[in-house]
>>> print(open('protein25.cif').read())   # mmCIF, C-alpha atoms and all ligand atoms
data_query
loop_
_atom_site.group_PDB
_atom_site.id
_atom_site.type_symbol
_atom_site.label_atom_id
_atom_site.label_comp_id
_atom_site.auth_asym_id
_atom_site.auth_seq_id
_atom_site.Cartn_x
_atom_site.Cartn_y
_atom_site.Cartn_z
ATOM 1 C CA MET A 20 23.043 -15.116 3.911
ATOM 2 C CA ARG A 21 20.950 -12.219 5.108
ATOM 3 C CA HIS A 22 17.183 -12.097 4.560
ATOM 4 C CA VAL A 23 14.998 -8.979 4.343
ATOM 5 C CA VAL A 24 11.232 -9.389 4.083
ATOM 6 C CA MET A 25 9.181 -6.546 2.623
ATOM 7 C CA PHE A 26 6.756 -6.416 5.507
ATOM 8 C CA SER A 27 3.662 -4.460 4.556
ATOM 9 C CA GLY A 28 1.285 -5.304 7.371
ATOM 10 C CA GLY A 29 -0.650 -7.612 5.073
ATOM 11 C CA ILE A 30 -1.249 -11.238 5.880
ATOM 12 C CA SER A 31 0.786 -12.424 2.885
ATOM 13 C CA SER A 32 3.962 -10.678 3.943
ATOM 14 C CA TRP A 33 3.532 -12.152 7.428
ATOM 15 C CA ALA A 34 3.188 -15.622 5.927
ATOM 16 C CA ALA A 35 6.214 -15.026 3.685
ATOM 17 C CA ALA A 36 8.261 -13.952 6.700
ATOM 18 C CA ARG A 37 7.038 -16.983 8.618
ATOM 19 C CA ARG A 38 8.299 -19.285 5.878
ATOM 20 C CA VAL A 39 11.659 -17.522 5.710
ATOM 21 C CA ALA A 40 12.021 -17.819 9.474
ATOM 22 C CA ASP A 41 11.117 -21.508 9.378
ATOM 23 C CA GLU A 42 13.639 -22.209 6.623
ATOM 24 C CA HIS A 43 16.536 -19.956 7.548
ATOM 25 C CA GLY A 44 16.002 -19.010 11.182
ATOM 26 C CA THR A 45 15.729 -15.472 12.466
ATOM 27 C CA SER A 46 19.298 -14.517 13.309
ATOM 28 C CA ASN A 47 19.806 -12.906 9.882
ATOM 29 C CA LEU A 48 16.209 -11.904 9.236
ATOM 30 C CA GLN A 49 14.830 -8.362 9.168
ATOM 31 C CA LEU A 50 11.306 -7.158 8.469
ATOM 32 C CA LEU A 51 11.216 -3.885 6.531
ATOM 33 C CA PHE A 52 8.089 -1.739 6.667
ATOM 34 C CA ALA A 53 7.678 1.540 4.750
ATOM 35 C CA ASP A 54 5.050 3.644 6.479
ATOM 36 C CA THR A 55 2.709 5.704 4.298
ATOM 37 C CA TYR A 56 1.212 7.477 7.319
ATOM 38 C CA ALA A 57 -2.156 6.563 5.869
ATOM 39 C CA GLU A 58 -2.479 3.124 7.390
ATOM 40 C CA ASP A 59 -5.275 1.704 9.460
ATOM 41 C CA GLU A 60 -4.567 1.998 13.170
ATOM 42 C CA ASP A 61 -4.786 -1.743 13.614
ATOM 43 C CA LEU A 62 -1.963 -2.302 11.125
ATOM 44 C CA TYR A 63 0.527 -1.038 13.699
ATOM 45 C CA ARG A 64 -0.791 -3.453 16.312
ATOM 46 C CA PHE A 65 -0.473 -6.293 13.830
ATOM 47 C CA LEU A 66 3.025 -5.283 12.739
ATOM 48 C CA GLU A 67 4.382 -5.380 16.241
ATOM 49 C CA GLU A 68 2.612 -8.574 17.239
ATOM 50 C CA ALA A 69 3.596 -10.258 13.983
ATOM 51 C CA ALA A 70 7.243 -9.290 14.354
ATOM 52 C CA ALA A 71 7.215 -10.604 17.919
ATOM 53 C CA GLN A 72 5.531 -13.809 16.790
ATOM 54 C CA ILE A 73 8.145 -14.337 14.069
ATOM 55 C CA GLY A 74 10.963 -13.288 16.361
ATOM 56 C CA ALA A 75 12.686 -10.877 13.973
ATOM 57 C CA PRO A 76 13.351 -7.152 14.205
ATOM 58 C CA LEU A 77 10.878 -4.777 12.606
ATOM 59 C CA ILE A 78 12.460 -1.844 10.803
ATOM 60 C CA ARG A 79 10.046 0.981 10.119
ATOM 61 C CA ILE A 80 11.078 3.659 7.655
ATOM 62 C CA ALA A 81 9.149 6.508 6.096
ATOM 63 C CA ASP A 82 9.380 9.189 3.482
ATOM 64 C CA GLY A 83 7.321 11.245 5.901
ATOM 65 C CA ARG A 84 4.522 12.224 3.554
ATOM 66 C CA THR A 85 1.070 10.792 3.074
ATOM 67 C CA PRO A 86 -0.211 9.775 -0.373
ATOM 68 C CA TRP A 87 -2.163 13.033 -0.679
ATOM 69 C CA GLN A 88 0.911 15.063 0.148
ATOM 70 C CA VAL A 89 2.709 13.236 -2.645
ATOM 71 C CA PHE A 90 -0.149 13.997 -5.035
ATOM 72 C CA ASP A 91 -0.019 17.654 -4.068
ATOM 73 C CA ASP A 92 3.732 17.776 -4.547
ATOM 74 C CA GLU A 93 3.584 16.053 -7.907
ATOM 75 C CA HIS A 94 0.399 17.786 -9.076
ATOM 76 C CA TYR A 95 -0.981 14.393 -9.900
ATOM 77 C CA ILE A 96 -3.658 12.275 -8.243
ATOM 78 C CA GLY A 97 -2.728 8.629 -8.007
ATOM 79 C CA ASN A 98 -5.073 6.207 -9.680
ATOM 80 C CA ALA A 99 -5.338 2.643 -10.895
ATOM 81 C CA ARG A 100 -2.775 3.194 -13.636
ATOM 82 C CA VAL A 101 -0.197 5.466 -12.041
ATOM 83 C CA ALA A 102 0.408 5.650 -8.306
ATOM 84 C CA PRO A 103 3.243 8.053 -7.426
ATOM 85 C CA CYS A 104 2.497 7.379 -3.758
ATOM 86 C CA SER A 105 3.727 3.833 -4.137
ATOM 87 C CA ARG A 106 6.963 4.984 -5.734
ATOM 88 C CA ARG A 107 7.621 7.823 -3.306
ATOM 89 C CA LEU A 108 6.458 6.231 -0.074
ATOM 90 C CA LYS A 109 7.461 2.620 -0.591
ATOM 91 C CA GLN A 110 9.755 1.926 -3.524
ATOM 92 C CA ILE A 111 12.292 4.693 -3.070
ATOM 93 C CA PRO A 112 12.572 4.510 0.749
ATOM 94 C CA CYS A 113 12.936 0.730 0.672
ATOM 95 C CA VAL A 114 15.561 0.682 -2.062
ATOM 96 C CA ARG A 115 17.484 3.433 -0.326
ATOM 97 C CA TRP A 116 17.416 1.514 2.900
ATOM 98 C CA LEU A 117 18.546 -1.646 1.155
ATOM 99 C CA ALA A 118 21.353 0.198 -0.598
ATOM 100 C CA GLN A 119 22.541 1.737 2.640
ATOM 101 C CA HIS A 120 22.220 -1.262 4.912
ATOM 102 C CA THR A 121 22.709 -4.389 2.855
ATOM 103 C CA ASP A 122 25.126 -5.936 0.409
ATOM 104 C CA PRO A 123 23.377 -7.431 -2.635
ATOM 105 C CA ALA A 124 26.001 -10.151 -2.699
ATOM 106 C CA ASP A 125 24.775 -11.656 0.551
ATOM 107 C CA THR A 126 21.160 -10.474 0.872
ATOM 108 C CA VAL A 127 17.915 -11.998 -0.352
ATOM 109 C CA ILE A 128 14.790 -9.829 -0.595
ATOM 110 C CA HIS A 129 11.532 -11.648 0.114
ATOM 111 C CA VAL A 130 8.156 -10.355 -1.061
ATOM 112 C CA GLY A 131 4.662 -11.458 -0.099
ATOM 113 C CA ILE A 132 3.088 -12.220 -3.444
ATOM 114 C CA ASP A 133 1.559 -15.667 -3.744
ATOM 115 C CA TRP A 134 1.083 -18.269 -6.442
ATOM 116 C CA SER A 135 -1.945 -16.423 -7.867
ATOM 117 C CA GLU A 136 0.356 -13.497 -8.673
ATOM 118 C CA LEU A 137 3.158 -15.567 -10.146
ATOM 119 C CA HIS A 138 3.048 -13.498 -13.334
ATOM 120 C CA ARG A 139 4.433 -10.555 -11.351
ATOM 121 C CA LEU A 140 7.533 -12.393 -10.223
ATOM 122 C CA PRO A 141 9.765 -11.765 -13.290
ATOM 123 C CA ALA A 142 9.263 -7.997 -12.991
ATOM 124 C CA ILE A 143 9.908 -8.179 -9.270
ATOM 125 C CA GLU A 144 13.124 -10.094 -9.813
ATOM 126 C CA ARG A 145 14.253 -7.595 -12.439
ATOM 127 C CA GLY A 146 13.291 -4.659 -10.268
ATOM 128 C CA TYR A 147 15.385 -5.802 -7.319
ATOM 129 C CA GLN A 148 18.545 -6.666 -9.225
ATOM 130 C CA PRO A 149 21.356 -6.841 -8.160
ATOM 131 C CA TRP A 150 19.636 -8.225 -5.065
ATOM 132 C CA LEU A 151 18.136 -11.651 -5.359
ATOM 133 C CA ALA A 152 14.361 -11.508 -4.963
ATOM 134 C CA HIS A 153 12.275 -14.405 -3.749
ATOM 135 C CA ALA A 154 8.544 -14.917 -3.203
ATOM 136 C CA PRO A 155 8.161 -17.692 -0.603
ATOM 137 C CA LEU A 156 4.399 -18.026 -1.145
ATOM 138 C CA CYS A 157 4.940 -18.846 -4.810
ATOM 139 C CA ASP A 158 6.557 -22.076 -3.642
ATOM 140 C CA PRO A 159 4.433 -25.006 -2.407
ATOM 141 C CA PRO A 160 2.476 -25.545 -0.285
ATOM 142 C CA TRP A 161 0.168 -23.110 -2.084
ATOM 143 C CA THR A 162 -2.287 -21.455 0.207
ATOM 144 C CA SER A 163 -5.282 -19.152 -0.086
ATOM 145 C CA LYS A 164 -5.557 -15.897 1.781
ATOM 146 C CA ASP A 165 -8.196 -17.427 4.045
ATOM 147 C CA GLU A 166 -5.802 -20.224 4.907
ATOM 148 C CA LEU A 167 -3.109 -17.692 5.747
ATOM 149 C CA LEU A 168 -5.538 -15.855 8.010
ATOM 150 C CA ASP A 169 -6.335 -19.154 9.715
ATOM 151 C CA GLN A 170 -2.636 -19.905 10.098
ATOM 152 C CA ALA A 171 -2.109 -16.590 11.830
ATOM 153 C CA ARG A 172 -4.983 -17.239 14.234
ATOM 154 C CA ALA A 173 -3.604 -20.704 14.925
ATOM 155 C CA CYS A 174 -0.367 -19.008 15.994
ATOM 156 C CA GLY A 175 -2.300 -16.790 18.363
ATOM 157 C CA LEU A 176 -1.954 -13.803 16.065
ATOM 158 C CA GLU A 177 -5.109 -11.831 15.315
ATOM 159 C CA PRO A 178 -5.062 -10.766 11.644
ATOM 160 C CA PRO A 179 -5.411 -7.107 10.722
ATOM 161 C CA ARG A 180 -9.008 -6.025 11.159
ATOM 162 C CA LEU A 181 -9.441 -4.781 7.574
ATOM 163 C CA TYR A 182 -9.717 -8.359 6.314
ATOM 164 C CA ALA A 183 -12.614 -9.122 8.642
ATOM 165 C CA LEU A 184 -14.200 -5.874 7.506
ATOM 166 C CA GLY A 185 -14.202 -7.098 3.928
ATOM 167 C CA PHE A 186 -11.202 -5.271 2.496
ATOM 168 C CA PRO A 187 -8.991 -7.266 0.140
ATOM 169 C CA HIS A 188 -5.786 -5.579 1.324
ATOM 170 C CA ASN A 189 -4.449 -4.031 4.488
ATOM 171 C CA ASN A 190 -2.979 -1.051 2.664
ATOM 172 C CA CYS A 191 -3.482 2.651 3.287
ATOM 173 C CA GLY A 192 -6.460 2.090 5.546
ATOM 174 C CA GLY A 193 -8.539 0.472 2.803
ATOM 175 C CA ALA A 194 -8.295 3.656 0.730
ATOM 176 C CA CYS A 195 -5.873 2.677 -1.975
ATOM 177 C CA VAL A 196 -5.941 4.821 -5.083
ATOM 178 C CA ARG A 197 -5.408 1.664 -7.086
ATOM 179 C CA GLY A 198 -8.750 0.389 -5.839
ATOM 180 C CA GLY A 199 -11.786 0.625 -8.090
ATOM 181 C CA GLN A 200 -15.345 1.842 -7.594
ATOM 182 C CA ALA A 201 -16.342 -1.194 -5.545
ATOM 183 C CA ALA A 202 -13.389 -0.729 -3.206
ATOM 184 C CA TRP A 203 -14.236 2.919 -2.573
ATOM 185 C CA ALA A 204 -17.931 2.130 -2.176
ATOM 186 C CA HIS A 205 -16.922 -0.414 0.438
ATOM 187 C CA LEU A 206 -14.814 2.181 2.214
ATOM 188 C CA TRP A 207 -17.820 4.509 2.279
ATOM 189 C CA GLY A 208 -19.900 1.780 3.865
ATOM 190 C CA VAL A 209 -17.354 0.805 6.517
ATOM 191 C CA PHE A 210 -15.427 3.990 7.252
ATOM 192 C CA PRO A 211 -17.546 6.943 6.094
ATOM 193 C CA ASP A 212 -15.397 9.478 7.935
ATOM 194 C CA ARG A 213 -12.272 8.139 6.294
ATOM 195 C CA TYR A 214 -14.003 8.265 2.923
ATOM 196 C CA LEU A 215 -15.102 11.859 3.510
ATOM 197 C CA ASP A 216 -11.555 12.837 4.380
ATOM 198 C CA HIS A 217 -10.324 11.492 1.046
ATOM 199 C CA GLU A 218 -13.251 13.133 -0.711
ATOM 200 C CA ARG A 219 -12.316 16.489 0.809
ATOM 201 C CA ARG A 220 -8.699 16.094 -0.214
ATOM 202 C CA GLU A 221 -9.671 15.194 -3.752
ATOM 203 C CA GLN A 222 -11.955 18.207 -3.926
ATOM 204 C CA ALA A 223 -9.244 20.500 -2.567
ATOM 205 C CA PHE A 224 -6.795 19.131 -5.120
ATOM 206 C CA GLN A 225 -9.271 19.818 -7.925
ATOM 207 C CA ASN A 226 -9.897 23.337 -6.700
ATOM 208 C CA ARG A 227 -6.203 24.070 -6.442
ATOM 209 C CA LEU A 228 -5.396 22.881 -9.944
ATOM 210 C CA GLY A 229 -8.668 23.883 -11.545
ATOM 211 C CA LYS A 230 -8.804 20.539 -13.278
ATOM 212 C CA ASN A 231 -11.393 17.801 -13.372
ATOM 213 C CA VAL A 232 -9.162 15.009 -12.128
ATOM 214 C CA ALA A 233 -10.079 12.211 -9.749
ATOM 215 C CA VAL A 234 -8.920 8.956 -8.239
ATOM 216 C CA LEU A 235 -11.617 7.008 -10.062
ATOM 217 C CA ARG A 236 -12.757 6.895 -13.636
ATOM 218 C CA GLU A 237 -15.858 5.564 -15.284
ATOM 219 C CA ARG A 238 -16.934 4.724 -18.761
ATOM 220 C CA ARG A 239 -20.282 6.058 -19.820
ATOM 221 C CA GLY A 240 -21.674 6.853 -23.217
ATOM 222 C CA GLY A 241 -18.588 5.506 -24.910
ATOM 223 C CA THR A 242 -16.145 7.792 -23.130
ATOM 224 C CA THR A 243 -13.988 7.472 -20.036
ATOM 225 C CA GLN A 244 -14.111 10.324 -17.603
ATOM 226 C CA PRO A 245 -13.161 11.131 -14.021
ATOM 227 C CA LEU A 246 -15.566 9.997 -11.324
ATOM 228 C CA THR A 247 -15.001 12.023 -8.182
ATOM 229 C CA LEU A 248 -15.391 10.557 -4.741
ATOM 230 C CA ARG A 249 -18.134 13.095 -4.138
ATOM 231 C CA GLN A 250 -20.046 11.899 -7.192
ATOM 232 C CA LEU A 251 -19.668 8.297 -6.156
ATOM 233 C CA ARG A 252 -20.813 9.018 -2.603
ATOM 234 C CA GLN A 253 -23.830 10.974 -3.796
ATOM 235 C CA ARG A 254 -24.828 8.127 -6.051
ATOM 236 C CA LEU A 255 -24.431 5.646 -3.215
ATOM 237 C CA GLU A 256 -26.494 7.810 -0.866
ATOM 238 C CA ARG A 257 -29.278 8.302 -3.377
ATOM 239 C CA ARG A 258 -29.227 4.661 -4.231
ATOM 240 C CA ALA A 259 -29.529 3.717 -0.558
ATOM 241 C CA GLY A 260 -32.679 5.794 -0.153
ATOM 242 C CA THR A 261 -34.597 4.729 -3.198
ATOM 243 C CA THR A 262 -35.255 1.821 -5.468
ATOM 244 C CA GLU A 263 -34.982 4.192 -8.420
ATOM 245 C CA ASP A 264 -31.646 4.561 -10.057
ATOM 246 C CA PRO A 265 -30.886 8.277 -9.695
ATOM 247 C CA ASP A 266 -28.764 8.466 -12.819
ATOM 248 C CA GLY A 267 -30.772 6.179 -14.986
ATOM 249 C CA GLN A 268 -27.960 3.694 -14.761
ATOM 250 C CA ARG A 269 -28.184 0.070 -13.818
ATOM 251 C CA ALA A 270 -26.249 0.575 -10.597
ATOM 252 C CA ALA A 271 -24.805 3.367 -8.500
ATOM 253 C CA HIS A 272 -21.351 2.008 -9.119
ATOM 254 C CA ASP A 273 -19.507 -0.827 -10.753
ATOM 255 C CA GLY A 274 -19.687 -3.451 -8.033
ATOM 256 C CA LEU A 275 -17.147 -5.632 -9.788
ATOM 257 C CA ASP A 276 -14.531 -2.928 -10.038
ATOM 258 C CA TRP A 277 -12.385 -3.661 -7.012
ATOM 259 C CA GLY A 278 -9.258 -2.676 -8.862
ATOM 260 C CA GLY A 279 -6.018 -3.983 -7.547
ATOM 261 C CA CYS A 280 -3.398 -2.735 -5.236
ATOM 262 C CA GLY A 281 -0.217 -4.488 -6.073
ATOM 263 C CA CYS A 282 1.471 -1.937 -3.873
ATOM 264 C CA LEU A 283 4.753 -3.704 -3.392
ATOM 265 C CA PRO A 284 7.904 -1.717 -2.865
ATOM 266 C CA VAL A 285 9.321 -3.099 -6.090
ATOM 267 C CA PRO A 286 11.497 -0.472 -7.692
ATOM 268 C CA ASP A 287 10.918 0.598 -11.257
ATOM 269 C CA SER A 288 13.741 2.192 -13.222
ATOM 270 C CA SER A 289 12.931 5.759 -12.152
ATOM 271 C CA ALA A 290 12.689 4.757 -8.508
ATOM 272 C CA ARG A 291 16.038 3.044 -8.809
ATOM 273 C CA SER A 292 17.734 6.098 -10.224
ATOM 274 C CA GLU A 293 16.172 8.435 -7.668
ATOM 275 C CA SER A 294 16.998 6.118 -4.827
ATOM 276 C CA SER A 295 20.688 6.170 -5.640
ATOM 277 C CA SER A 296 21.317 9.673 -4.309
ATOM 278 C CA PRO A 297 23.509 9.609 -1.222
ATOM 279 C CA THR A 298 20.864 10.538 1.298
ATOM 280 C CA ARG A 299 19.944 9.394 4.713
ATOM 281 C CA ILE A 300 16.839 7.575 5.809
ATOM 282 C CA GLN A 301 15.786 7.869 9.383
ATOM 283 C CA PRO A 302 13.995 5.055 11.077
ATOM 284 C CA VAL A 303 10.632 5.928 12.537
ATOM 285 C CA THR A 304 10.524 5.463 16.244
ATOM 286 C CA ASP A 305 7.085 6.676 17.169
ATOM 287 C CA ARG A 306 3.846 5.219 15.966
ATOM 288 C CA ARG A 307 1.746 8.347 15.764
ATOM 289 C CA ARG A 308 0.335 9.213 12.417
ATOM 290 C CA PRO A 309 0.853 12.823 11.455
ATOM 291 C CA ASP A 310 -2.007 14.882 10.269
ATOM 292 C CA ASP A 311 -1.591 16.270 6.807
ATOM 293 C CA ARG A 312 0.975 18.891 7.652
ATOM 294 C CA ARG A 313 4.531 19.481 6.670
ATOM 295 C CA SER A 314 5.729 19.812 10.234
ATOM 296 C CA ARG A 315 6.691 16.180 10.607
ATOM 297 C CA CYS A 316 10.249 16.351 9.446
ATOM 298 C CA THR A 317 11.854 14.020 11.938
ATOM 299 C CA ALA A 318 10.884 10.927 10.006
ATOM 300 C CA ARG A 319 11.188 12.363 6.561
ATOM 301 C CA GLU A 320 14.088 11.612 4.318
ATOM 302 C CA THR A 321 16.321 14.601 4.191
ATOM 303 C CA ASP A 322 16.849 14.600 0.473
ATOM 304 C CA GLY A 323 14.543 17.275 -0.845
ATOM 305 C CA ASP A 324 12.867 14.878 -3.228
ATOM 306 C CA GLN A 325 11.942 16.426 -6.519
ATOM 307 C CA GLN A 326 8.773 18.389 -6.022
ATOM 308 C CA ARG A 327 7.309 20.003 -9.036
HETATM 309 S S1 LIG A 401 -1.463 1.237 -0.999
HETATM 310 FE FE1 LIG A 401 -2.348 2.382 -2.724
HETATM 311 S S2 LIG A 401 -2.653 4.473 -1.915
HETATM 312 FE FE2 LIG A 401 -1.212 3.423 -0.545
HETATM 313 S S3 LIG A 401 0.830 3.947 -1.286
HETATM 314 FE FE3 LIG A 401 0.231 2.025 -2.273
HETATM 315 S S4 LIG A 401 -0.713 2.609 -4.246
HETATM 316 FE FE4 LIG A 401 -0.652 4.434 -2.924
#
>>> encode(input="protein25.cif", output="structure tokens")
Amino acid sequence: MRHVVMFSGGISSWAAARRVADEHGTSNLQLLFADTYAEDEDLYRFLEEAAAQIGAPLIRIADGRTPWQVFDDEHYIGNARVAPCSRRLKQIPCVRWLAQHTDPADTVIHVGIDWSELHRLPAIERGYQPWLAHAPLCDPPWTSKDELLDQARACGLEPPRLYALGFPHNNCGGACVRGGQAAWAHLWGVFPDRYLDHERREQAFQNRLGKNVAVLRERRGGTTQPLTLRQLRQRLERRAGTTEDPDGQRAAHDGLDWGGCGCLPVPDSSARSESSSPTRIQPVTDRRRPDDRRSRCTARETDGDQQR
């Protein structure tokens, strides 16, 4: 039996791969990573060291776009409810790769969700059919994320730096559009330049479409409305300089709203149908991140994905 681990660069997918290697060996094990080109630099260090520590080949594939390029193409900013970046940059490339390189009859797909996310497993299993999907961390011994981080260190593997910096996930450089106000406020505190880059892209998107759309939303006065990254930053800055609440609100942001990522390359029905076109995926062989230009075609799937 062949084993493919969806290897995201997060500590859970490392631990899942570790368990698969311990149980089945590494001769039929592959680690599949779909690059969003928006990852933290340290993720690439971790990926390579983790693959070496496990002793299995790392396969890096990419659509070739960043999340913001996907939003531009689809005229839609990803958010906590709908994240086209996840579908375009992870789900479709991974399912295409699986379809082209594996036989569902003799391949098991392993994902890095743990026992606390057990409720997601049925949808994951359905999404991967006809492949068999398995979540090693949903089996005992059940471990916390801190324990997994300790396990990595005990193996001589330094975990991705985003965890030590207080981020709950090692996805898209801590700037996941599925994150909530608290997650983006944290990004502003830790990586202000990175935050400003996303703020600029959101602003440019708004200007181009002439619409008040944003990654975040907030509920005030009984209605839900977009909360731009600029608005959030300005509130955080004003809040930092004064004990007065600048907006007459209790807090500059909802500190409990961390949102959730859940950015697994689990195909939904539309991703499955779009991934079935007979196209080619090229493995990525260089680790540079592109800037936000269209010139990087070497790593991009050559399918002319639907762009509205
Ligand atoms: S981690 Fe978040 S921003 Fe990145 S591709 Fe997934 S949903 Fe999109």
>>> atom_distance(input="protein25.cif", atom1="CA of Pro155 (chain A)", atom2="CA of Gly279 (chain A)")
20.9 Å
>>> residues_near_ligand(input="protein25.cif", ligand="ligand LIG 401 (chain A)", cutoff="9 Å", atoms="only C-alpha atoms and all ligand atoms", output="PDB file with C-alpha atoms, keeping the file's coordinate frame")
ATOM      1  CA  ASP A  54       5.050   3.644   6.479  1.00  0.00           C
ATOM      2  CA  THR A  55       2.709   5.704   4.298  1.00  0.00           C
ATOM      3  CA  ALA A  57      -2.156   6.563   5.869  1.00  0.00           C
ATOM      4  CA  GLU A  58      -2.479   3.124   7.390  1.00  0.00           C
ATOM      5  CA  THR A  85       1.070  10.792   3.074  1.00  0.00           C
ATOM      6  CA  PRO A  86      -0.211   9.775  -0.373  1.00  0.00           C
ATOM      7  CA  TRP A  87      -2.163  13.033  -0.679  1.00  0.00           C
ATOM      8  CA  GLY A  97      -2.728   8.629  -8.007  1.00  0.00           C
ATOM      9  CA  ASN A  98      -5.073   6.207  -9.680  1.00  0.00           C
ATOM     10  CA  ALA A  99      -5.338   2.643 -10.895  1.00  0.00           C
ATOM     11  CA  VAL A 101      -0.197   5.466 -12.041  1.00  0.00           C
ATOM     12  CA  ALA A 102       0.408   5.650  -8.306  1.00  0.00           C
ATOM     13  CA  PRO A 103       3.243   8.053  -7.426  1.00  0.00           C
ATOM     14  CA  CYS A 104       2.497   7.379  -3.758  1.00  0.00           C
ATOM     15  CA  SER A 105       3.727   3.833  -4.137  1.00  0.00           C
ATOM     16  CA  ARG A 106       6.963   4.984  -5.734  1.00  0.00           C
ATOM     17  CA  ARG A 107       7.621   7.823  -3.306  1.00  0.00           C
ATOM     18  CA  LEU A 108       6.458   6.231  -0.074  1.00  0.00           C
ATOM     19  CA  LYS A 109       7.461   2.620  -0.591  1.00  0.00           C
ATOM     20  CA  HIS A 188      -5.786  -5.579   1.324  1.00  0.00           C
ATOM     21  CA  ASN A 189      -4.449  -4.031   4.488  1.00  0.00           C
ATOM     22  CA  ASN A 190      -2.979  -1.051   2.664  1.00  0.00           C
ATOM     23  CA  CYS A 191      -3.482   2.651   3.287  1.00  0.00           C
ATOM     24  CA  GLY A 192      -6.460   2.090   5.546  1.00  0.00           C
ATOM     25  CA  GLY A 193      -8.539   0.472   2.803  1.00  0.00           C
ATOM     26  CA  ALA A 194      -8.295   3.656   0.730  1.00  0.00           C
ATOM     27  CA  CYS A 195      -5.873   2.677  -1.975  1.00  0.00           C
ATOM     28  CA  VAL A 196      -5.941   4.821  -5.083  1.00  0.00           C
ATOM     29  CA  ARG A 197      -5.408   1.664  -7.086  1.00  0.00           C
ATOM     30  CA  GLY A 198      -8.750   0.389  -5.839  1.00  0.00           C
ATOM     31  CA  GLY A 279      -6.018  -3.983  -7.547  1.00  0.00           C
ATOM     32  CA  CYS A 280      -3.398  -2.735  -5.236  1.00  0.00           C
ATOM     33  CA  GLY A 281      -0.217  -4.488  -6.073  1.00  0.00           C
ATOM     34  CA  CYS A 282       1.471  -1.937  -3.873  1.00  0.00           C
ATOM     35  CA  LEU A 283       4.753  -3.704  -3.392  1.00  0.00           C
ATOM     36  CA  PRO A 284       7.904  -1.717  -2.865  1.00  0.00           C
TER      37      PRO A 284
END
>>> atom_distance(input="protein25.cif", atom1="CA of Gly131 (chain A)", atom2="CA of Pro76 (chain A)")
17.3 Å
>>> closest_atom_pairs(input="protein25.cif", of="region 137-201 of chain A", to="region 21-44 of chain A", cutoff="10 Å", atoms="only C-alpha atoms", output="CSV")
residue,atom,partner,partner_atom,distance
A:Leu151,CA,A:His22,CA,10.0
A:Ala152,CA,A:Val23,CA,9.7
A:His153,CA,A:Val24,CA,9.4
A:Ala154,CA,A:Ala35,CA,7.3
A:Pro155,CA,A:Ala35,CA,5.4
A:Leu156,CA,A:Ala35,CA,6.0
A:Cys157,CA,A:Ala35,CA,9.4
A:Thr162,CA,A:Ala34,CA,9.8
A:Ser163,CA,A:Ser31,CA,9.5
A:Lys164,CA,A:Ser31,CA,7.3
A:Asp165,CA,A:Ile30,CA,9.5
A:Leu167,CA,A:Ala34,CA,6.6
A:Leu168,CA,A:Ile30,CA,6.7
A:Gln170,CA,A:Ala34,CA,8.3
A:Ala171,CA,A:Ala34,CA,8.0
A:Pro178,CA,A:Ile30,CA,6.9
A:Pro179,CA,A:Gly29,CA,7.4
A:Leu181,CA,A:Gly29,CA,9.6
A:Tyr182,CA,A:Ile30,CA,9.0
A:Pro187,CA,A:Gly29,CA,9.7
A:His188,CA,A:Gly29,CA,6.7
A:Asn189,CA,A:Gly29,CA,5.3
A:Asn190,CA,A:Gly29,CA,7.4
>>> closest_residue(input="protein25.cif", among="A:Asp273, A:Glu68, A:Glu218, A:Asp133", to="Pro159 (chain A)", atoms="all atoms listed in the file")
A:Asp133
>>> decode(input="protein25.cif", residues="region 169-194 of chain A", atoms="C-alpha atoms", output="compact mmCIF listing (two decimals), in the first residue's frame")
# COMPACT_ATOMS: atom_id res chain seq x y z
CA ASP A 169 7.82 19.01 22.15
CA GLN A 170 8.01 15.76 20.20
CA ALA A 171 9.54 17.56 17.26
CA ARG A 172 12.15 19.23 19.47
CA ALA A 173 12.92 15.87 21.07
CA CYS A 174 13.70 14.59 17.57
CA GLY A 175 16.07 17.48 17.03
CA LEU A 176 13.62 19.26 14.76
CA GLU A 177 12.97 22.93 15.47
CA PRO A 178 9.26 23.66 14.94
CA PRO A 179 8.18 26.39 12.53
CA ARG A 180 8.79 29.77 14.10
CA LEU A 181 5.18 30.98 13.74
CA TYR A 182 4.12 28.80 16.68
CA ALA A 183 6.66 30.41 18.99
CA LEU A 184 5.47 33.78 17.73
CA GLY A 185 1.96 33.01 18.92
CA PHE A 186 0.26 32.03 15.68
CA PRO A 187 -2.13 29.08 15.86
CA HIS A 188 -1.24 27.82 12.38
CA ASN A 189 1.76 27.82 10.10
CA ASN A 190 -0.30 28.75 7.05
CA CYS A 191 0.18 31.60 4.60
CA GLY A 192 2.64 33.40 6.82
CA GLY A 193 0.12 33.90 9.62
CA ALA A 194 -2.12 35.88 7.27
